[in-house]
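upload-v2.cif follows; it contains mmCIF, C-alpha atoms.
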data_my_file
#
loop_
_atom_site.label_atom_id
_atom_site.label_comp_id
_atom_site.auth_asym_id
_atom_site.auth_seq_id
_atom_site.Cartn_x
_atom_site.Cartn_y
_atom_site.Cartn_z
CA ASN A 194 20.54 -27.82 20.76
CA ALA A 195 17.54 -25.90 22.16
CA GLY A 196 16.02 -25.03 18.75
CA VAL A 197 13.83 -21.92 18.86
CA THR A 198 13.20 -20.38 22.27
CA GLN A 199 10.74 -17.61 23.10
CA THR A 200 10.34 -15.46 26.19
CA PRO A 201 8.14 -14.72 28.00
CA LYS A 202 5.62 -17.60 27.86
CA PHE A 203 2.79 -15.41 29.09
CA ARG A 204 2.28 -11.68 29.51
CA ILE A 205 -0.56 -9.34 30.37
CA LEU A 206 -0.24 -5.76 29.17
CA LYS A 207 -2.33 -2.69 29.72
CA ILE A 208 -3.50 -0.67 26.73
CA GLY A 209 -0.73 1.67 25.59
CA GLN A 210 2.11 -0.23 27.22
CA SER A 211 5.02 -1.51 25.21
CA MET A 212 7.00 -4.73 25.32
CA THR A 213 9.46 -6.85 23.40
CA LEU A 214 8.91 -10.51 22.65
CA GLN A 215 12.23 -12.32 22.50
CA CYS A 216 13.12 -15.07 20.03
CA THR A 217 16.43 -16.92 19.79
CA GLN A 218 17.49 -19.87 17.65
CA ASP A 219 20.69 -21.89 17.91
CA MET A 220 20.51 -23.64 14.52
CA ASN A 221 22.34 -20.90 12.59
CA HIS A 222 19.28 -20.35 10.42
CA ASN A 223 19.23 -17.23 8.27
CA TYR A 224 15.44 -17.04 7.86
CA MET A 225 13.33 -16.10 10.86
CA TYR A 226 9.62 -15.31 11.17
CA TRP A 227 7.04 -13.91 13.53
CA TYR A 228 3.45 -15.14 13.38
CA ARG A 229 0.34 -14.48 15.41
CA GLN A 230 -2.47 -16.94 15.92
CA ASP A 231 -5.88 -15.68 16.95
CA PRO A 232 -8.50 -18.11 18.32
CA GLY A 233 -9.90 -20.34 15.57
CA MET A 234 -7.61 -18.78 13.01
CA GLY A 235 -4.48 -19.82 11.23
CA LEU A 236 -1.07 -18.29 11.61
CA LYS A 237 -0.66 -14.83 10.16
CA LEU A 238 2.82 -13.65 9.19
CA ILE A 239 3.78 -10.39 10.93
CA TYR A 240 7.40 -9.87 9.89
CA TYR A 241 10.20 -12.00 8.58
CA SER A 242 13.95 -11.73 8.07
CA VAL A 243 16.24 -13.41 5.55
CA GLY A 244 19.42 -12.56 7.42
CA ALA A 245 21.03 -10.21 9.90
CA GLY A 246 20.16 -6.63 9.05
CA ILE A 247 17.35 -7.56 6.63
CA THR A 248 13.66 -7.53 7.58
CA ASP A 249 10.41 -7.30 5.65
CA LYS A 250 6.70 -7.01 6.35
CA GLY A 251 4.33 -9.92 6.28
CA GLU A 252 0.53 -9.97 6.13
CA VAL A 253 -0.22 -8.10 9.37
CA PRO A 254 2.72 -5.80 10.30
CA ASN A 255 0.79 -2.80 11.68
CA GLY A 256 1.52 -2.09 15.34
CA TYR A 257 4.75 -4.09 15.38
CA ASN A 258 8.44 -3.54 14.76
CA VAL A 259 11.36 -5.92 14.41
CA SER A 260 15.12 -5.83 14.24
CA ARG A 261 17.72 -8.43 13.33
CA SER A 262 21.17 -7.48 14.53
CA THR A 263 22.42 -11.07 14.87
CA THR A 264 21.68 -14.38 13.18
CA GLU A 265 20.41 -15.85 16.45
CA ASP A 266 17.97 -13.19 17.67
CA PHE A 267 14.80 -11.74 16.18
CA PRO A 268 12.89 -9.64 18.73
CA LEU A 269 9.36 -8.36 18.08
CA ARG A 270 8.42 -4.98 19.54
CA LEU A 271 4.93 -3.77 20.40
CA GLU A 272 5.04 -0.02 20.97
CA LEU A 273 1.47 0.87 21.97
CA ALA A 274 -0.38 -2.28 22.92
CA ALA A 275 -4.01 -2.55 21.84
CA PRO A 276 -6.66 -5.18 22.67
CA SER A 277 -6.54 -6.31 19.02
CA GLN A 278 -3.00 -7.53 19.66
CA THR A 279 -4.22 -10.12 22.13
CA SER A 280 -3.00 -13.33 20.54
CA VAL A 281 -0.48 -16.14 20.68
CA TYR A 282 2.78 -15.21 19.03
CA PHE A 283 5.06 -17.78 17.42
CA CYS A 284 8.60 -17.32 16.24
CA ALA A 285 10.03 -19.69 13.63
CA SER A 286 13.25 -20.23 11.72
CA THR A 287 14.43 -22.13 8.67
CA GLU A 288 17.45 -22.54 6.47
CA PRO A 289 16.35 -23.01 2.87
CA VAL A 290 18.94 -25.21 1.20
CA GLY A 291 16.54 -26.14 -1.56
CA ARG A 292 12.87 -26.72 -2.18
CA GLY A 293 11.66 -29.81 -0.44
CA THR A 294 13.92 -29.22 2.52
CA ASP A 295 12.80 -25.90 3.89
CA THR A 296 10.72 -26.66 6.94
CA GLN A 297 10.16 -24.13 9.66
CA TYR A 298 11.01 -24.84 13.27
CA PHE A 299 8.67 -23.11 15.68
CA GLY A 300 9.12 -21.88 19.20
CA PRO A 301 6.58 -22.75 21.93
CA GLY A 302 4.79 -19.40 21.65
CA THR A 303 4.07 -16.35 23.81
CA ARG A 304 0.50 -15.84 24.98
CA LEU A 305 -0.18 -12.09 25.16
CA THR A 306 -3.27 -10.48 26.61
CA VAL A 307 -3.88 -6.74 26.32
CA LEU A 308 -6.46 -5.32 28.73
CA ASP B 127 -8.77 -12.82 1.08
CA GLN B 128 -7.99 -16.29 2.40
CA GLN B 129 -5.52 -17.80 -0.06
CA VAL B 130 -5.29 -21.10 1.81
CA LYS B 131 -8.51 -22.62 3.12
CA GLN B 132 -9.26 -25.53 5.38
CA ASN B 133 -13.03 -25.70 5.30
CA SER B 134 -13.46 -28.37 7.97
CA PRO B 135 -12.76 -26.93 11.41
CA SER B 136 -12.93 -30.35 13.02
CA LEU B 137 -12.90 -34.06 12.23
CA SER B 138 -13.46 -37.15 14.38
CA VAL B 139 -12.18 -40.54 13.32
CA GLN B 140 -12.12 -43.95 14.96
CA GLU B 141 -8.72 -45.35 15.89
CA GLY B 142 -7.30 -47.52 13.10
CA ARG B 143 -9.35 -45.85 10.37
CA ILE B 144 -8.19 -43.35 7.79
CA SER B 145 -8.16 -39.61 8.50
CA ILE B 146 -8.43 -37.31 5.50
CA LEU B 147 -7.75 -33.62 5.98
CA ASN B 148 -8.37 -31.24 3.11
CA CYS B 149 -6.88 -27.95 2.02
CA ASP B 150 -7.70 -25.65 -0.91
CA TYR B 151 -5.71 -22.75 -2.27
CA THR B 152 -6.49 -19.95 -4.67
CA ASN B 153 -3.07 -18.62 -5.68
CA SER B 154 -1.78 -20.50 -8.75
CA MET B 155 1.75 -19.24 -7.98
CA PHE B 156 2.00 -21.53 -4.96
CA ASP B 157 4.32 -24.41 -5.74
CA TYR B 158 5.27 -25.81 -2.36
CA PHE B 159 2.94 -27.08 0.33
CA LEU B 160 3.47 -28.23 3.88
CA TRP B 161 1.44 -29.78 6.68
CA TYR B 162 2.08 -29.00 10.31
CA LYS B 163 0.70 -30.58 13.45
CA LYS B 164 0.04 -28.56 16.58
CA TYR B 165 -0.64 -29.75 20.10
CA PRO B 166 -2.13 -27.36 22.70
CA ALA B 167 0.36 -24.94 24.26
CA GLU B 168 3.09 -25.94 21.81
CA GLY B 169 4.39 -24.54 18.55
CA PRO B 170 3.52 -26.25 15.25
CA THR B 171 5.79 -29.08 14.16
CA PHE B 172 6.50 -30.03 10.56
CA LEU B 173 4.82 -33.18 9.32
CA ILE B 174 5.21 -33.57 5.56
CA SER B 175 5.60 -31.46 2.43
CA ILE B 176 5.07 -31.69 -1.30
CA SER B 177 6.41 -29.80 -4.27
CA SER B 178 4.17 -28.97 -7.22
CA ILE B 179 6.26 -31.21 -9.47
CA LYS B 180 4.81 -34.19 -7.60
CA ASP B 181 1.26 -35.32 -7.00
CA LYS B 182 2.00 -37.54 -4.02
CA ASN B 183 4.46 -37.76 -1.15
CA GLU B 184 4.52 -40.44 1.48
CA ASP B 185 6.17 -40.68 4.89
CA GLY B 186 5.18 -43.64 7.00
CA ARG B 187 1.53 -43.33 7.95
CA PHE B 188 1.24 -39.90 6.34
CA THR B 189 0.59 -39.25 2.66
CA VAL B 190 -0.06 -35.92 1.01
CA PHE B 191 -1.81 -35.72 -2.35
CA LEU B 192 -1.73 -32.67 -4.59
CA ASN B 193 -4.25 -31.93 -7.34
CA LYS B 194 -2.90 -28.84 -9.08
CA SER B 195 -5.78 -28.44 -11.51
CA ALA B 196 -8.26 -28.36 -8.62
CA LYS B 197 -5.87 -26.36 -6.40
CA HIS B 198 -6.48 -28.93 -3.70
CA LEU B 199 -4.31 -31.00 -1.40
CA SER B 200 -5.15 -33.58 1.18
CA LEU B 201 -3.38 -35.31 4.02
CA HIS B 202 -4.14 -38.97 4.65
CA ILE B 203 -3.26 -40.62 7.95
CA VAL B 204 -3.47 -44.40 7.95
CA PRO B 205 -4.01 -45.93 10.43
CA SER B 206 -5.09 -43.11 12.71
CA GLN B 207 -3.88 -43.27 16.31
CA PRO B 208 -5.06 -41.39 19.42
CA GLY B 209 -1.69 -39.56 19.50
CA ASP B 210 -2.59 -38.02 16.13
CA SER B 211 -5.26 -35.92 17.87
CA ALA B 212 -4.11 -32.35 17.24
CA VAL B 213 -4.76 -29.33 15.03
CA TYR B 214 -3.39 -29.71 11.51
CA PHE B 215 -2.42 -26.71 9.42
CA CYS B 216 -1.62 -26.66 5.76
CA ALA B 217 0.68 -23.96 4.42
CA ALA B 218 1.74 -22.82 0.97
CA SER B 219 4.49 -20.78 -0.58
CA HIS B 220 5.89 -19.97 -4.00
CA SER B 221 9.42 -20.26 -5.28
CA GLY B 222 12.03 -17.95 -3.95
CA THR B 223 9.83 -16.21 -1.39
CA TYR B 224 10.08 -18.54 1.61
CA LYS B 225 6.98 -16.81 2.92
CA TYR B 226 4.30 -19.18 4.05
CA ILE B 227 0.54 -18.67 4.02
CA PHE B 228 -1.29 -20.84 6.51
CA GLY B 229 -4.80 -22.21 6.53
CA THR B 230 -7.06 -21.90 9.58
CA GLY B 231 -6.47 -25.45 10.73
CA THR B 232 -8.50 -28.62 11.24
CA ARG B 233 -8.83 -30.16 14.68
CA LEU B 234 -8.53 -33.93 14.41
CA LYS B 235 -9.81 -36.15 17.18
CA VAL B 236 -8.98 -39.83 16.99
CA LEU B 237 -11.31 -41.86 19.17
CA ALA B 238 -9.95 -44.93 20.94
#

As structure tokens, please, write out the structure in this file.
Amino acid sequence: NAGVTQTPKFRILKIGQSMTLQCTQDMNHNYMYWYRQDPGMGLKLIYYSVGAGITDKGEVPNGYNVSRSTTEDFPLRLELAAPSQTSVYFCASTEPVGRGTDTQYFGPGTRLTVL
Amino acid sequence: DQQVKQNSPSLSVQEGRISILNCDYTNSMFDYFLWYKKYPAEGPTFLISISSIKDKNEDGRFTVFLNKSAKHLSLHIVPSQPGDSAVYFCAASHSGTYKYIFGTGTRLKVLA
């Protein structure tokens, strides 16, 4: 049981390039999330999904796209990278079976630098 | 608009003493609160949670207190250990959304 895995761990992009951050979970969780963490800041929700085929915007969705074709995978796409997207990106998943039990499991993060 | 605030960016505590981390929120719709711990170069890990129907939840050395009227929660760690040195985030959500708003974090340093 690997939990939540993210690839790559690190990436440097040039302005205007595109890339996909991969996220996979093996816990059969329906809910998945993408966050970014800027230095000295908390985690900001980018997008989330409540199941395959269903996605919704979070607090900071501009410049990103997501898809959810399977329960396991939730890739995050950056189409035209900008320096403001330099951040650490975390993927998380949970299976809410009732309040008091829904805790998110986080991946190790992807550190992205846009130059 | 920061709906969840952790006003102390850092805190240093002597080993064996109590660590108290604070969190304030502004949205009265929030009814579920969580604390996460984060080590460098790792993802956050869940620590403890509390529902708004309670004012206290305890798990070993960790206790979370919720004061709904003040919109304030705190995490107590007793006794503090050097391995507790990490960044602690509080997060909040309201029923049915399963969307979590995080605070900016407090870096705890436990001195041996």

Contact set, chain A to chain B: 9 Å, all atoms listed in the file, as an mmCIF file with C-alpha atoms, in the coordinates of the input:
data_model
loop_
_atom_site.group_PDB
_atom_site.id
_atom_site.type_symbol
_atom_site.label_atom_id
_atom_site.label_comp_id
_atom_site.auth_asym_id
_atom_site.auth_seq_id
_atom_site.Cartn_x
_atom_site.Cartn_y
_atom_site.Cartn_z
ATOM 1 C CA TYR A 224 15.440 -17.040 7.860
ATOM 2 C CA TYR A 226 9.620 -15.310 11.170
ATOM 3 C CA GLY A 233 -9.900 -20.340 15.570
ATOM 4 C CA MET A 234 -7.610 -18.780 13.010
ATOM 5 C CA GLY A 235 -4.480 -19.820 11.230
ATOM 6 C CA LEU A 236 -1.070 -18.290 11.610
ATOM 7 C CA LYS A 237 -0.660 -14.830 10.160
ATOM 8 C CA LEU A 238 2.820 -13.650 9.190
ATOM 9 C CA TYR A 241 10.200 -12.000 8.580
ATOM 10 C CA VAL A 243 16.240 -13.410 5.550
ATOM 11 C CA GLY A 251 4.330 -9.920 6.280
ATOM 12 C CA GLU A 252 0.530 -9.970 6.130
ATOM 13 C CA PHE A 283 5.060 -17.780 17.420
ATOM 14 C CA CYS A 284 8.600 -17.320 16.240
ATOM 15 C CA ALA A 285 10.030 -19.690 13.630
ATOM 16 C CA PRO A 289 16.350 -23.010 2.870
ATOM 17 C CA ARG A 292 12.870 -26.720 -2.180
ATOM 18 C CA GLY A 293 11.660 -29.810 -0.440
ATOM 19 C CA THR A 294 13.920 -29.220 2.520
ATOM 20 C CA ASP A 295 12.800 -25.900 3.890
ATOM 21 C CA THR A 296 10.720 -26.660 6.940
ATOM 22 C CA GLN A 297 10.160 -24.130 9.660
ATOM 23 C CA TYR A 298 11.010 -24.840 13.270
ATOM 24 C CA PHE A 299 8.670 -23.110 15.680
ATOM 25 C CA GLY A 300 9.120 -21.880 19.200
ATOM 26 C CA PRO A 301 6.580 -22.750 21.930
ATOM 27 C CA GLY A 302 4.790 -19.400 21.650
#

Quiz item: Which distance in Å separates CA of Lys182 (chain B) and CA of Ser286 (chain A), to one decimal?
Solution: 26.0 Å

Practice problem: Step by step, work through what the PyMOL selection byres ((chain B and resi 142) around 6) selects in the shown file, and finish by giving those residues as number ranges by chain. | Solution: B: 141, 143, 205-206

Exercise. Tell me which of B:Ala238, B:Ser219, B:Cys149, B:Ile144 sits closest to Phe191 (chain B), counting only C-alpha atoms.
Key: B:Cys149

Quiz item: What is the distance between CA of Asn258 (chain A) and CA of Glu272 (chain A), in Å to one decimal?
Solution: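 Answer for the CA of Asn258 (chain A) to CA of Glu272 (chain A) separation: 7.9 Å.
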
Surrounding residues of region 211-214 of chain A excluding itself and chain neighbours under 4 positions, 12 Å, only C-alpha atoms, as an mmCIF file with C-alpha atoms, keeping the file's coordinate frame:
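Wrote it out as selection-v8.cif, contents follow:
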data_model
loop_
_atom_site.group_PDB
_atom_site.id
_atom_site.type_symbol
_atom_site.label_atom_id
_atom_site.label_comp_id
_atom_site.auth_asym_id
_atom_site.auth_seq_id
_atom_site.Cartn_x
_atom_site.Cartn_y
_atom_site.Cartn_z
ATOM 1 C CA THR A 198 13.200 -20.380 22.270
ATOM 2 C CA GLN A 199 10.740 -17.610 23.100
ATOM 3 C CA THR A 200 10.340 -15.460 26.190
ATOM 4 C CA PRO A 201 8.140 -14.720 28.000
ATOM 5 C CA LYS A 202 5.620 -17.600 27.860
ATOM 6 C CA PHE A 203 2.790 -15.410 29.090
ATOM 7 C CA ARG A 204 2.280 -11.680 29.510
ATOM 8 C CA ILE A 205 -0.560 -9.340 30.370
ATOM 9 C CA LEU A 206 -0.240 -5.760 29.170
ATOM 10 C CA LYS A 207 -2.330 -2.690 29.720
ATOM 11 C CA TRP A 227 7.040 -13.910 13.530
ATOM 12 C CA TYR A 228 3.450 -15.140 13.380
ATOM 13 C CA ARG A 229 0.340 -14.480 15.410
ATOM 14 C CA GLY A 256 1.520 -2.090 15.340
ATOM 15 C CA TYR A 257 4.750 -4.090 15.380
ATOM 16 C CA ASN A 258 8.440 -3.540 14.760
ATOM 17 C CA VAL A 259 11.360 -5.920 14.410
ATOM 18 C CA SER A 260 15.120 -5.830 14.240
ATOM 19 C CA ASP A 266 17.970 -13.190 17.670
ATOM 20 C CA PHE A 267 14.800 -11.740 16.180
ATOM 21 C CA PRO A 268 12.890 -9.640 18.730
ATOM 22 C CA LEU A 269 9.360 -8.360 18.080
ATOM 23 C CA ARG A 270 8.420 -4.980 19.540
ATOM 24 C CA LEU A 271 4.930 -3.770 20.400
ATOM 25 C CA GLU A 272 5.040 -0.020 20.970
ATOM 26 C CA LEU A 273 1.470 0.870 21.970
ATOM 27 C CA ALA A 274 -0.380 -2.280 22.920
ATOM 28 C CA ALA A 275 -4.010 -2.550 21.840
ATOM 29 C CA GLN A 278 -3.000 -7.530 19.660
ATOM 30 C CA VAL A 281 -0.480 -16.140 20.680
ATOM 31 C CA TYR A 282 2.780 -15.210 19.030
ATOM 32 C CA PHE A 283 5.060 -17.780 17.420
ATOM 33 C CA CYS A 284 8.600 -17.320 16.240
ATOM 34 C CA GLY A 300 9.120 -21.880 19.200
ATOM 35 C CA GLY A 302 4.790 -19.400 21.650
ATOM 36 C CA THR A 303 4.070 -16.350 23.810
ATOM 37 C CA ARG A 304 0.500 -15.840 24.980
ATOM 38 C CA LEU A 305 -0.180 -12.090 25.160
ATOM 39 C CA THR A 306 -3.270 -10.480 26.610
ATOM 40 C CA VAL A 307 -3.880 -6.740 26.320
#

Quiz item: Rounded to one decimal in Å, what is the spacing between CA of Lys180 (chain B) and CA of Asn153 (chain B)?
Solution: 17.6 Å

Output as AutoDock Vina command-line options the centre and edge lengths (Å, one decimal) of the box along x, y and z of the file that holds every listed atom of region 174-177 of chain B after adding 4 Å on each side.
--center_x 5.7 --center_y -31.7 --center_z 0.6 --size_x 9.3 --size_y 11.8 --size_z 17.8

Practice problem: Point out the residue among B:Val236, B:Ser195, B:Ser178, B:Thr152 with the least atom-to-atom distance to Gln128 (chain B), counting only C-alpha atoms. | Solution: B:Thr152

Quiz item: What does the PyMOL selection byres ((chain A and resi 245) around 7) select in this file, as a list in words?
Solution: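 Here the PyMOL selection byres ((chain A and resi 245) around 7) matches Gly244, Gly246, Ile247, Arg261, Ser262, Thr263 and Thr264 of chain A.
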
Using C-alpha atoms, can you write the selected residues to a file as a compact mmCIF listing (two decimals), in the frame of the given file?
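The new file again31.txt reads:
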# COMPACT_ATOMS: atom_id res chain seq x y z
CA GLY A 244 19.42 -12.56 7.42
CA GLY A 246 20.16 -6.63 9.05
CA ILE A 247 17.35 -7.56 6.63
CA ARG A 261 17.72 -8.43 13.33
CA SER A 262 21.17 -7.48 14.53
CA THR A 263 22.42 -11.07 14.87
CA THR A 264 21.68 -14.38 13.18
